[in-house]
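A.B. asks: My structure is in entry_4.cif, and what it holds is mmCIF, C-alpha atoms and all ligand atoms:
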```cif
data_final
#
loop_
_atom_site.label_atom_id
_atom_site.label_comp_id
_atom_site.auth_asym_id
_atom_site.auth_seq_id
_atom_site.Cartn_x
_atom_site.Cartn_y
_atom_site.Cartn_z
CA MET A 1 0.00 0.00 0.00
CA ALA A 2 2.75 2.42 0.96
CA LYS A 3 4.27 1.96 -2.46
CA LYS A 4 0.97 2.78 -4.13
CA SER A 5 0.52 6.12 -2.38
CA LYS A 6 3.96 7.29 -3.52
CA ILE A 7 3.00 7.31 -7.17
CA ARG A 8 1.32 10.43 -8.32
CA THR A 9 -1.86 10.36 -10.38
CA PRO A 10 -0.93 10.88 -14.04
CA ILE A 11 -2.50 13.85 -15.81
CA VAL A 12 -4.13 12.89 -19.09
CA CYS A 13 -4.92 15.76 -21.42
CA VAL A 14 -7.69 15.27 -23.99
CA MET A 15 -6.94 17.22 -27.17
CA GLY A 16 -8.10 17.44 -30.76
CA HIS A 17 -10.10 19.35 -33.36
CA VAL A 18 -13.38 21.07 -32.47
CA ASP A 19 -16.38 18.71 -32.28
CA HIS A 20 -14.35 15.54 -32.71
CA GLY A 21 -15.70 14.28 -29.36
CA LYS A 22 -13.27 15.16 -26.52
CA THR A 23 -15.87 16.19 -23.95
CA SER A 24 -18.19 13.36 -25.02
CA LEU A 25 -15.40 10.84 -24.49
CA LEU A 26 -14.87 12.18 -20.96
CA ASP A 27 -18.62 12.22 -20.39
CA LYS A 28 -18.71 8.54 -21.27
CA ILE A 29 -15.85 7.77 -18.91
CA ARG A 30 -17.26 9.73 -15.97
CA GLY A 31 -20.89 8.85 -16.69
CA SER A 32 -21.98 12.50 -16.85
CA SER A 33 -23.12 14.96 -19.44
CA VAL A 34 -20.95 18.03 -19.43
CA VAL A 35 -21.45 18.61 -23.18
CA SER A 36 -25.12 19.40 -22.59
CA THR A 37 -24.19 22.17 -20.12
CA GLU A 38 -21.83 23.94 -22.52
CA ALA A 39 -22.85 27.04 -24.47
CA GLY A 40 -23.33 25.88 -28.05
CA ALA A 41 -21.76 22.60 -26.93
CA ILE A 42 -18.36 24.20 -27.41
CA THR A 43 -15.76 23.81 -24.68
CA GLN A 44 -14.30 27.17 -23.70
CA HIS A 45 -12.24 26.25 -20.64
CA ILE A 46 -9.80 23.69 -19.40
CA GLY A 47 -11.57 21.27 -17.07
CA ALA A 48 -10.40 18.51 -14.76
CA THR A 49 -11.90 15.25 -13.56
CA LEU A 50 -10.37 12.59 -11.35
CA VAL A 51 -11.20 9.03 -12.36
CA PRO A 52 -10.14 6.64 -9.58
CA LEU A 53 -8.49 3.33 -10.38
CA ASP A 54 -11.47 1.21 -9.32
CA ALA A 55 -13.69 3.03 -11.83
CA ILE A 56 -11.10 2.42 -14.55
CA THR A 57 -10.72 -1.27 -13.76
CA HIS A 58 -14.48 -1.60 -13.60
CA MET A 59 -14.87 -0.05 -17.05
CA SER A 60 -12.00 -1.87 -18.67
CA GLY A 61 -13.31 -5.12 -17.15
CA ALA A 62 -11.55 -8.27 -18.24
CA LEU A 63 -9.03 -6.18 -20.18
CA SER A 64 -7.33 -4.88 -17.07
CA LYS A 65 -5.04 -7.82 -16.47
CA VAL A 66 -1.95 -5.72 -15.87
CA SER A 67 -1.16 -5.20 -12.22
CA VAL A 68 -1.64 -1.51 -11.74
CA ASN A 69 -0.39 0.85 -9.10
CA VAL A 70 -1.33 4.27 -10.41
CA PRO A 71 -4.05 5.67 -8.11
CA GLY A 72 -6.23 6.77 -11.01
CA LEU A 73 -6.10 9.24 -13.87
CA LEU A 74 -6.72 12.99 -13.76
CA PHE A 75 -8.32 13.90 -17.08
CA ILE A 76 -8.01 17.42 -18.45
CA ASP A 77 -10.45 18.55 -21.10
CA THR A 78 -9.35 21.23 -23.58
CA PRO A 79 -11.27 23.27 -26.17
CA GLY A 80 -10.83 22.35 -29.83
CA HIS A 81 -12.07 25.66 -31.24
CA HIS A 82 -9.20 27.43 -33.02
CA ALA A 83 -9.55 30.54 -30.84
CA PHE A 84 -8.25 28.71 -27.76
CA THR A 85 -4.65 27.98 -28.71
CA THR A 86 -3.35 29.29 -25.37
CA LEU A 87 -5.60 26.97 -23.40
CA ARG A 88 -4.50 23.99 -25.47
CA ALA A 89 -0.85 24.84 -24.99
CA ARG A 90 -1.46 25.20 -21.24
CA GLY A 91 -3.20 21.82 -21.12
CA GLY A 92 -0.43 20.27 -23.17
CA ALA A 93 2.19 21.63 -20.82
CA LEU A 94 0.48 19.99 -17.84
CA ALA A 95 0.02 16.59 -19.39
CA ASP A 96 1.90 13.43 -18.50
CA MET A 97 0.01 11.67 -21.29
CA ALA A 98 -2.63 12.64 -23.79
CA ILE A 99 -5.53 11.36 -25.83
CA VAL A 100 -5.77 12.94 -29.26
CA VAL A 101 -9.36 12.57 -30.41
CA VAL A 102 -9.89 12.36 -34.17
CA ASP A 103 -13.25 11.92 -35.86
CA ILE A 104 -12.46 8.80 -37.89
CA ASN A 105 -14.81 9.96 -40.64
CA GLU A 106 -13.20 13.41 -40.96
CA GLY A 107 -9.59 12.51 -40.33
CA PHE A 108 -6.93 15.05 -39.40
CA ARG A 109 -7.93 18.70 -39.16
CA PRO A 110 -5.88 21.80 -38.23
CA GLN A 111 -6.25 21.48 -34.46
CA THR A 112 -5.42 17.77 -34.62
CA ILE A 113 -2.09 18.75 -36.10
CA GLU A 114 -1.64 21.58 -33.62
CA ALA A 115 -2.22 19.14 -30.75
CA LEU A 116 0.35 16.72 -32.13
CA GLN A 117 2.89 19.52 -32.44
CA ILE A 118 2.35 20.52 -28.81
CA LEU A 119 2.76 16.90 -27.70
CA ARG A 120 5.90 16.51 -29.76
CA ASN A 121 7.40 19.65 -28.23
CA TYR A 122 6.83 18.35 -24.73
CA LYS A 123 7.68 14.73 -25.68
CA THR A 124 4.38 13.65 -24.15
CA PRO A 125 3.28 10.06 -24.82
CA PHE A 126 -0.18 9.87 -26.34
CA VAL A 127 -2.81 7.58 -27.79
CA ILE A 128 -5.16 8.36 -30.68
CA ALA A 129 -8.89 7.85 -30.20
CA ALA A 130 -10.27 7.24 -33.69
CA ASN A 131 -13.70 8.36 -32.59
CA LYS A 132 -17.26 8.19 -33.93
CA ILE A 133 -16.90 4.66 -35.34
CA ASP A 134 -20.66 4.28 -34.82
CA ARG A 135 -21.10 6.77 -37.67
CA ILE A 136 -19.52 4.41 -40.19
CA HIS A 137 -22.35 3.49 -42.51
CA GLY A 138 -23.80 0.11 -41.57
CA TRP A 139 -22.12 -0.03 -38.13
CA ARG A 140 -23.84 -2.41 -35.71
CA VAL A 141 -23.62 -0.95 -32.23
CA GLN A 142 -22.42 -3.23 -29.40
CA LYS A 143 -22.85 -0.89 -26.46
CA ASP A 144 -19.81 -0.39 -24.19
CA GLN A 145 -18.01 -3.37 -25.71
CA PRO A 146 -14.25 -3.65 -26.17
CA PHE A 147 -13.08 -3.06 -29.72
CA ASN A 148 -12.35 -6.67 -30.70
CA LYS A 149 -15.84 -7.80 -29.65
CA THR A 150 -17.62 -5.09 -31.61
CA PHE A 151 -15.29 -5.39 -34.62
CA ALA A 152 -16.05 -9.11 -34.86
CA GLN A 153 -19.76 -8.31 -35.12
CA GLN A 154 -19.37 -6.01 -38.14
CA ASN A 155 -19.72 -7.22 -41.70
CA GLU A 156 -16.74 -7.33 -44.03
CA ARG A 157 -17.58 -4.09 -45.79
CA VAL A 158 -17.75 -2.16 -42.51
CA GLN A 159 -14.57 -3.82 -41.25
CA GLY A 160 -12.88 -2.82 -44.50
CA ILE A 161 -13.97 0.81 -44.14
CA LEU A 162 -12.65 0.95 -40.59
CA GLU A 163 -9.32 -0.56 -41.65
CA THR A 164 -8.99 1.97 -44.48
CA LYS A 165 -9.76 4.88 -42.16
CA VAL A 166 -7.27 3.65 -39.59
CA TYR A 167 -4.59 3.37 -42.27
CA GLU A 168 -5.32 6.90 -43.41
CA LEU A 169 -4.55 8.00 -39.85
CA VAL A 170 -1.40 5.88 -39.82
CA GLY A 171 -0.35 7.63 -43.04
CA LYS A 172 -1.01 11.12 -41.67
CA LEU A 173 0.88 10.34 -38.48
CA SER A 174 3.75 8.99 -40.50
CA ASP A 175 3.90 12.27 -42.49
CA LEU A 176 4.38 14.00 -39.15
CA GLY A 177 7.11 11.58 -38.14
CA PHE A 178 5.14 9.32 -35.79
CA ASN A 179 4.98 5.51 -36.12
CA SER A 180 1.54 4.22 -35.31
CA GLU A 181 -0.66 1.15 -35.61
CA ARG A 182 -4.05 -0.09 -34.50
CA PHE A 183 -3.56 -0.71 -30.78
CA ASP A 184 -4.25 -4.45 -30.87
CA ARG A 185 -1.33 -4.90 -33.26
CA VAL A 186 1.13 -2.88 -31.18
CA SER A 187 3.59 -4.89 -29.14
CA ASP A 188 5.96 -2.10 -28.13
CA PHE A 189 4.23 0.99 -26.72
CA ALA A 190 7.50 2.90 -26.76
CA ARG A 191 7.94 2.54 -30.52
CA ASN A 192 4.39 2.78 -31.82
CA ILE A 193 1.52 5.07 -31.08
CA CYS A 194 -1.69 3.17 -30.44
CA ILE A 195 -4.77 4.04 -32.47
CA VAL A 196 -7.90 2.95 -30.60
CA PRO A 197 -11.19 3.01 -32.54
CA THR A 198 -13.86 4.40 -30.19
CA SER A 199 -17.36 5.75 -29.97
CA ALA A 200 -17.92 8.29 -27.24
CA LEU A 201 -21.63 7.87 -27.85
CA THR A 202 -21.98 4.09 -27.58
CA GLY A 203 -18.95 3.38 -25.36
CA GLU A 204 -17.39 1.00 -27.87
CA GLY A 205 -13.61 0.92 -27.51
CA ILE A 206 -13.68 2.85 -24.22
CA PRO A 207 -12.42 -0.17 -22.20
CA ASP A 208 -9.49 -0.41 -24.62
CA ILE A 209 -8.47 3.23 -24.47
CA LEU A 210 -8.47 3.13 -20.67
CA MET A 211 -6.39 -0.02 -20.74
CA VAL A 212 -3.88 1.53 -23.13
CA LEU A 213 -3.59 4.65 -20.95
CA VAL A 214 -3.02 2.68 -17.78
CA GLY A 215 -0.53 0.50 -19.63
CA LEU A 216 1.38 3.58 -20.81
CA ALA A 217 1.44 5.05 -17.31
CA GLN A 218 2.46 1.77 -15.79
CA ARG A 219 5.23 0.87 -18.16
CA TYR A 220 6.79 4.17 -19.05
CA MET A 221 5.97 6.67 -16.38
CA THR A 222 6.04 5.09 -12.94
CA GLU A 223 9.58 6.33 -12.30
CA SER A 224 8.88 9.95 -13.17
CA LEU A 225 5.56 9.81 -11.33
CA LYS A 226 7.25 8.53 -8.19
CA VAL A 227 9.68 11.36 -7.69
CA SER A 228 7.22 14.18 -7.61
CA ALA A 229 4.68 12.95 -5.06
CA ASP A 230 6.26 14.71 -2.04
CA GLY A 231 7.62 18.21 -1.73
CA PRO A 232 6.07 21.67 -1.98
CA GLY A 233 2.98 21.95 -4.17
CA ALA A 234 3.05 23.36 -7.68
CA GLY A 235 0.03 23.96 -9.87
CA THR A 236 -1.68 25.93 -12.59
CA VAL A 237 -4.74 28.12 -12.02
CA LEU A 238 -7.64 27.21 -14.31
CA GLU A 239 -10.22 29.72 -13.15
CA VAL A 240 -10.70 32.48 -10.62
CA LYS A 241 -14.20 32.53 -9.17
CA GLU A 242 -16.15 34.21 -6.44
CA GLU A 243 -17.99 31.57 -4.38
CA ARG A 244 -20.73 32.27 -1.89
CA GLY A 245 -19.38 31.96 1.67
CA LEU A 246 -15.80 31.55 0.50
CA GLY A 247 -14.98 34.78 -1.28
CA MET A 248 -12.56 34.61 -4.16
CA THR A 249 -11.36 31.08 -5.00
CA LEU A 250 -9.06 29.42 -7.49
CA ASP A 251 -9.74 26.24 -9.42
CA LEU A 252 -6.32 24.71 -9.53
CA ILE A 253 -4.62 21.76 -11.11
CA LEU A 254 -1.99 20.61 -8.68
CA TYR A 255 0.58 18.76 -10.79
CA ASP A 256 3.37 18.33 -8.30
CA GLY A 257 3.89 17.90 -4.56
CA THR A 258 1.47 18.63 -1.74
CA LEU A 259 -0.74 21.60 -0.91
CA ALA A 260 -2.12 22.01 2.62
CA VAL A 261 -4.32 24.40 4.58
CA GLY A 262 -2.05 27.04 6.12
CA ASP A 263 0.59 26.77 3.37
CA GLU A 264 2.06 30.01 2.14
CA ILE A 265 1.53 30.32 -1.59
CA VAL A 266 2.71 32.57 -4.38
CA VAL A 267 0.54 33.25 -7.40
CA ALA A 268 0.47 35.88 -10.15
CA GLY A 269 -1.99 38.76 -10.12
CA ASN A 270 -2.80 41.30 -12.81
CA GLU A 271 -0.26 43.76 -11.59
CA GLU A 272 1.87 42.05 -9.04
CA ILE A 273 2.91 38.77 -7.51
CA ILE A 274 0.50 37.84 -4.72
CA GLU A 275 1.64 36.10 -1.55
CA THR A 276 -1.03 34.62 0.66
CA LYS A 277 -1.97 31.67 2.85
CA VAL A 278 -4.33 28.79 2.03
CA ARG A 279 -7.52 29.13 4.11
CA SER A 280 -9.40 26.12 2.83
CA LEU A 281 -9.15 23.40 0.24
CA LEU A 282 -12.22 21.97 -1.43
CA LYS A 283 -12.09 18.75 -3.35
CA PRO A 284 -14.60 17.88 -6.08
CA ARG A 285 -16.07 14.40 -5.92
CA PRO A 286 -14.36 11.75 -8.04
CA MET A 287 -15.81 11.48 -11.57
CA LYS A 288 -17.03 15.11 -11.43
CA GLU A 289 -15.83 17.97 -13.59
CA ILE A 290 -14.39 20.60 -11.23
CA LEU A 291 -15.69 23.51 -13.30
CA ILE A 292 -19.34 22.54 -12.87
CA GLU A 293 -19.17 20.68 -9.55
CA GLU A 294 -21.35 22.07 -6.77
CA ARG A 295 -20.57 19.76 -3.85
CA PHE A 296 -17.08 19.86 -2.49
CA GLU A 297 -15.42 18.07 0.39
CA ARG A 298 -13.21 20.13 2.71
CA VAL A 299 -9.77 18.57 3.04
CA ARG A 300 -6.66 19.46 5.06
CA SER A 301 -4.24 18.69 2.27
CA VAL A 302 -4.07 17.32 -1.23
CA THR A 303 -1.36 15.54 -3.19
CA ALA A 304 -0.69 15.76 -6.92
CA ALA A 305 -2.15 15.30 -9.34
CA ALA A 306 -5.53 16.73 -8.41
CA GLY A 307 -8.09 19.32 -9.33
CA ILE A 308 -8.76 21.41 -6.21
CA LYS A 309 -10.56 24.60 -5.26
CA VAL A 310 -8.42 26.92 -3.14
CA ALA A 311 -9.81 29.65 -0.89
CA ALA A 312 -7.43 32.28 0.47
CA PRO A 313 -7.33 36.00 1.21
CA LYS A 314 -6.08 38.46 -1.45
CA LEU A 315 -6.97 36.38 -4.50
CA ASP A 316 -8.63 39.28 -6.36
CA GLY A 317 -6.85 39.85 -9.62
CA VAL A 318 -5.21 36.44 -9.89
CA ILE A 319 -4.91 35.60 -13.59
CA ALA A 320 -6.16 32.34 -15.08
CA GLY A 321 -3.18 30.34 -16.25
CA SER A 322 -1.00 31.65 -13.46
CA PRO A 323 1.42 29.27 -11.79
CA LEU A 324 0.87 28.64 -8.08
CA ARG A 325 3.74 27.61 -5.82
CA VAL A 326 4.00 26.66 -2.17
CA VAL A 327 6.69 28.44 -0.21
CA ARG A 328 8.32 26.06 2.20
CA GLY A 329 11.34 26.91 4.32
CA PRO A 330 13.83 29.56 3.26
CA ASN A 331 13.17 29.45 -0.49
CA ARG A 332 10.67 32.33 -0.56
CA ASP A 333 12.58 34.70 -2.82
CA GLU A 334 13.44 31.92 -5.22
CA VAL A 335 9.78 30.89 -5.50
CA VAL A 336 8.62 34.45 -6.11
CA GLU A 337 11.24 34.79 -8.85
CA GLN A 338 10.13 31.49 -10.40
CA VAL A 339 6.51 32.60 -10.55
CA ARG A 340 7.50 35.98 -11.98
CA HIS A 341 9.50 34.21 -14.66
CA GLU A 342 6.76 31.70 -15.57
CA VAL A 343 4.13 34.40 -15.77
CA GLN A 344 5.92 35.93 -18.74
CA ASP A 345 4.91 32.87 -20.79
CA ILE A 346 1.15 33.08 -20.26
P1 LIG B 1 -14.97 21.16 -28.49
O1 LIG B 1 -14.81 21.04 -27.03
O2 LIG B 1 -15.87 22.28 -28.83
O3 LIG B 1 -13.68 21.22 -29.20
O4 LIG B 1 -15.70 19.81 -29.02
P2 LIG B 1 -15.48 18.32 -28.46
O5 LIG B 1 -14.31 17.71 -29.16
O6 LIG B 1 -15.47 18.32 -26.99
O7 LIG B 1 -16.75 17.56 -29.04
P3 LIG B 1 -18.07 17.15 -28.23
O8 LIG B 1 -17.75 16.08 -27.27
O9 LIG B 1 -18.71 18.39 -27.73
O10 LIG B 1 -18.90 16.47 -29.39
C1 LIG B 1 -19.35 17.17 -30.53
C2 LIG B 1 -20.57 16.49 -31.11
O11 LIG B 1 -20.23 15.20 -31.60
C3 LIG B 1 -21.68 16.27 -30.09
O12 LIG B 1 -22.90 16.49 -30.74
C4 LIG B 1 -21.52 14.81 -29.71
O13 LIG B 1 -22.73 14.21 -29.31
C5 LIG B 1 -21.03 14.20 -31.01
N1 LIG B 1 -20.19 13.00 -30.77
C6 LIG B 1 -19.08 12.95 -30.02
N2 LIG B 1 -18.56 11.71 -30.05
C7 LIG B 1 -19.37 10.97 -30.83
C8 LIG B 1 -19.36 9.59 -31.27
O14 LIG B 1 -18.48 8.79 -30.92
N3 LIG B 1 -20.36 9.20 -32.10
C9 LIG B 1 -21.33 10.05 -32.52
N4 LIG B 1 -22.27 9.56 -33.34
N5 LIG B 1 -21.38 11.34 -32.14
C10 LIG B 1 -20.40 11.80 -31.30
MG MG B 2 -15.38 19.81 -25.64
#
```
Would you put the structure from the file into structure tokens?
C.D. replies:
Amino acid sequence: MAKKSKIRTPIVCVMGHVDHGKTSLLDKIRGSSVVSTEAGAITQHIGATLVPLDAITHMSGALSKVSVNVPGLLFIDTPGHHAFTTLRARGGALADMAIVVVDINEGFRPQTIEALQILRNYKTPFVIAANKIDRIHGWRVQKDQPFNKTFAQQNERVQGILETKVYELVGKLSDLGFNSERFDRVSDFARNICIVPTSALTGEGIPDILMVLVGLAQRYMTESLKVSADGPGAGTVLEVKEERGLGMTLDLILYDGTLAVGDEIVVAGNEEIIETKVRSLLKPRPMKEILIEERFERVRSVTAAAGIKVAAPKLDGVIAGSPLRVVRGPNRDEVVEQVRHEVQDI
């Protein structure tokens, strides 16, 4: 057990072109409907949802044979609309891994390519969700089934179309310098990018994509995830909101270390660097999107990675996208300098 708690929850960023199904995919995983709450069903913010390991093993069912010690996955939703490049870059910078969602019927579009460039820059491992397979003409839906089960139920023509579409994606990825293959033919995750055919609407292929993500985290990231579990907290501010009874609060993604009530923190304001002290920490329920969650649990401390609401004095004027750092011990000036430096990039 002790070993388990030392590994930090990997952050999985969901990226891709507008309307290709990022939020729907997360809705399917968390069993909610965030899409229906969005203005014009367009995502305009970065969101965060913790999916605990037991939910993942439950959904991936018999597929989850690997022994797993990541505590869960923290999913980050990003907007696909071209206007939100900054938010996508911010999401990409936070990610340990990513899902690039591509509408299999439309193929690569400009923001698909943009997402891949961001991931390449940060050397972030990713998987492709070849989404909306249920839209292939003649598709016979096998609700929530793993890919191989549903694929076996399709007639030859439909299987042929899917294969062709997957190879078109393989070709596009190859043009960009990535080796890829349908996930069930990949034996070495380090060499090949997995393409998982999915439907965010019917749940087909969702067990497989979860299994591939956990496999990636397990095999290639456990070392880097281990080191950063302790130590002073570091995070990125998603939103700054006034909450009844709490005053000004920050929705934060904590990507490193620990954040506790009473901690001194440094964060960037409109005009100056703000130094303050954490008054309370409010945790959204698992499987809930932090940006629309209404019931929070008060906690004394939180360990990365997590989405957390932070209440503290003097938060007026904090800018979304700002770094947040915990000051611990004599490193105050260094931390302030760090925040000042990072702020120049947002
Ligand atoms: P942005 O956040 O605006 O970039 O879009 P998004 O990528 O989050 O797409 P979203 O999940 O909002 O889905 C866009 C539309 O496609 C919605 O009407 C969804 O219901 C639909 N959709 C998403 N995934 C699927 C799928 O697998 N099959 C079908 N048939 N429709 C889907
Ligand atoms: Mg969306």
A.B. asks: Please identify all protein, DNA and RNA residues within 6 Å of ligand MG 2 (chain B), counting only C-alpha atoms and all ligand atoms, and report them as a ChimeraX atom specification.
C.D. replies: /A:22-23,42-43,79
A.B. asks: Step by step, measure atom-to-atom distances between ligand LIG 1 (chain B) and each residue using only C-alpha atoms and all ligand atoms, keep those at most 8 Å, then write them as a PDB file with C-alpha atoms, in the frame of the given file.
C.D. replies:
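Dumped everything to part.pdb:
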```pdb
ATOM      1  CA  MET A  15      -6.940  17.220 -27.170  1.00  0.00           C
ATOM      2  CA  GLY A  16      -8.100  17.440 -30.760  1.00  0.00           C
ATOM      3  CA  HIS A  17     -10.100  19.350 -33.360  1.00  0.00           C
ATOM      4  CA  VAL A  18     -13.380  21.070 -32.470  1.00  0.00           C
ATOM      5  CA  ASP A  19     -16.380  18.710 -32.280  1.00  0.00           C
ATOM      6  CA  HIS A  20     -14.350  15.540 -32.710  1.00  0.00           C
ATOM      7  CA  GLY A  21     -15.700  14.280 -29.360  1.00  0.00           C
ATOM      8  CA  LYS A  22     -13.270  15.160 -26.520  1.00  0.00           C
ATOM      9  CA  THR A  23     -15.870  16.190 -23.950  1.00  0.00           C
ATOM     10  CA  SER A  24     -18.190  13.360 -25.020  1.00  0.00           C
ATOM     11  CA  LEU A  25     -15.400  10.840 -24.490  1.00  0.00           C
ATOM     12  CA  LEU A  26     -14.870  12.180 -20.960  1.00  0.00           C
ATOM     13  CA  ASP A  27     -18.620  12.220 -20.390  1.00  0.00           C
ATOM     14  CA  VAL A  35     -21.450  18.610 -23.180  1.00  0.00           C
ATOM     15  CA  ALA A  41     -21.760  22.600 -26.930  1.00  0.00           C
ATOM     16  CA  ILE A  42     -18.360  24.200 -27.410  1.00  0.00           C
ATOM     17  CA  THR A  43     -15.760  23.810 -24.680  1.00  0.00           C
ATOM     18  CA  GLN A  44     -14.300  27.170 -23.700  1.00  0.00           C
ATOM     19  CA  ASP A  77     -10.450  18.550 -21.100  1.00  0.00           C
ATOM     20  CA  THR A  78      -9.350  21.230 -23.580  1.00  0.00           C
ATOM     21  CA  PRO A  79     -11.270  23.270 -26.170  1.00  0.00           C
ATOM     22  CA  GLY A  80     -10.830  22.350 -29.830  1.00  0.00           C
ATOM     23  CA  HIS A  81     -12.070  25.660 -31.240  1.00  0.00           C
ATOM     24  CA  VAL A 101      -9.360  12.570 -30.410  1.00  0.00           C
ATOM     25  CA  ASP A 103     -13.250  11.920 -35.860  1.00  0.00           C
ATOM     26  CA  ASN A 131     -13.700   8.360 -32.590  1.00  0.00           C
ATOM     27  CA  LYS A 132     -17.260   8.190 -33.930  1.00  0.00           C
ATOM     28  CA  ILE A 133     -16.900   4.660 -35.340  1.00  0.00           C
ATOM     29  CA  ASP A 134     -20.660   4.280 -34.820  1.00  0.00           C
ATOM     30  CA  ARG A 135     -21.100   6.770 -37.670  1.00  0.00           C
ATOM     31  CA  THR A 198     -13.860   4.400 -30.190  1.00  0.00           C
ATOM     32  CA  SER A 199     -17.360   5.750 -29.970  1.00  0.00           C
ATOM     33  CA  ALA A 200     -17.920   8.290 -27.240  1.00  0.00           C
ATOM     34  CA  LEU A 201     -21.630   7.870 -27.850  1.00  0.00           C
ATOM     35  CA  THR A 202     -21.980   4.090 -27.580  1.00  0.00           C
ATOM     36  CA  GLY A 203     -18.950   3.380 -25.360  1.00  0.00           C
TER      37      GLY A 203
END
```
A.B. asks: For Leu213 (chain A), which residue among A:Ala129, A:Leu259, A:Val34, A:Val336 is the nearest when counting only C-alpha atoms?
C.D. replies: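 Residue with the minimum atom-to-atom distance to Leu213 (chain A): A:Ala129.
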A.B. asks: Which is closer to Pro232 (chain A) than all the others in A:Asn105, A:Gln338, A:Ser36, A:Thr303, using all atoms listed in the file?
C.D. replies: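 Of all the options, A:Thr303 lies closest to Pro232 (chain A).
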A.B. asks: Residues at most 12 Å from Asp188 (chain A), counting only C-alpha atoms, excluding those fewer than 6 positions away in the same chain, as a ChimeraX atom specification?
C.D. replies: /A:179-181,194,212,215-216,219-220
A.B. asks: Might I get the box with edges along x, y and z of the file that holds all atoms of region 191-210 of chain A listed there, padded by 8 Å on every side, given as centre and edge lengths in Å to one decimal, as lines of an AutoDock Vina configuration file?
C.D. replies:
```
center_x = -7.0
center_y = 3.9
center_z = -26.6
size_x = 45.9
size_y = 24.7
size_z = 27.9
```
A.B. asks: Any idea what the distance is between CA of Val261 (chain A) and CA of Thr236 (chain A)?
C.D. replies: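 Between CA of Val261 (chain A) and CA of Thr236 (chain A) the gap is 17.4 Å.
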A.B. asks: Have a look at A:Phe296, A:Phe151, A:Phe75, A:Tyr167 and name the one nearest to Gly92 (chain A); count only C-alpha atoms.
C.D. replies: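 Selected residue with least distance to Gly92 (chain A): A:Phe75.
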A.B. asks: For Gln117 (chain A), which residue among A:Ile104, A:Gln145, A:Gly160, A:Arg88 is the nearest when counting all atoms listed in the file?
C.D. replies: A:Arg88
A.B. asks: One number please: CA of Ala304 (chain A) to CA of Glu38 (chain A), in Å, one decimal.
C.D. replies: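 According to the coordinates, CA of Ala304 (chain A) and CA of Glu38 (chain A) are separated by 27.5 Å.
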A.B. asks: For Met211 (chain A), list every protein, DNA or RNA residue within 12 Å, evaluated using all atoms listed in the file, and leave out those in the same chain fewer than 2 positions away; present the list as a VMD selection string.
C.D. replies: chain A and resid 53 55 to 68 72 to 73 127 146 to 147 183 to 184 194 196 205 to 209 213 to 219
A.B. asks: Could you name the residues that touch Leu74 (chain A) at 9 Å or less, counting only C-alpha atoms, but leaving out those on the same chain fewer than 3 positions away, as a list in words?
C.D. replies: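 Everything that qualifies: Thr9, Pro10, Ile11, Val12, Cys13, Ala48, Thr49, Leu50, Val51, Pro52, Ala305, Ala306 and Gly307 of chain A.
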A.B. asks: Could you work out how far CA of Val267 (chain A) lies from CA of Gln344 (chain A), giving the answer in Å with one decimal?
C.D. replies: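 Computed distance, CA of Gln344 (chain A) to CA of Val267 (chain A), equals 12.8 Å.
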A.B. asks: So, with only C-alpha atoms as the atoms that count, which of A:Glu114, A:Thr249, A:Asp256, A:Glu264 lies closest to Pro330 (chain A)?
C.D. replies: A:Glu264
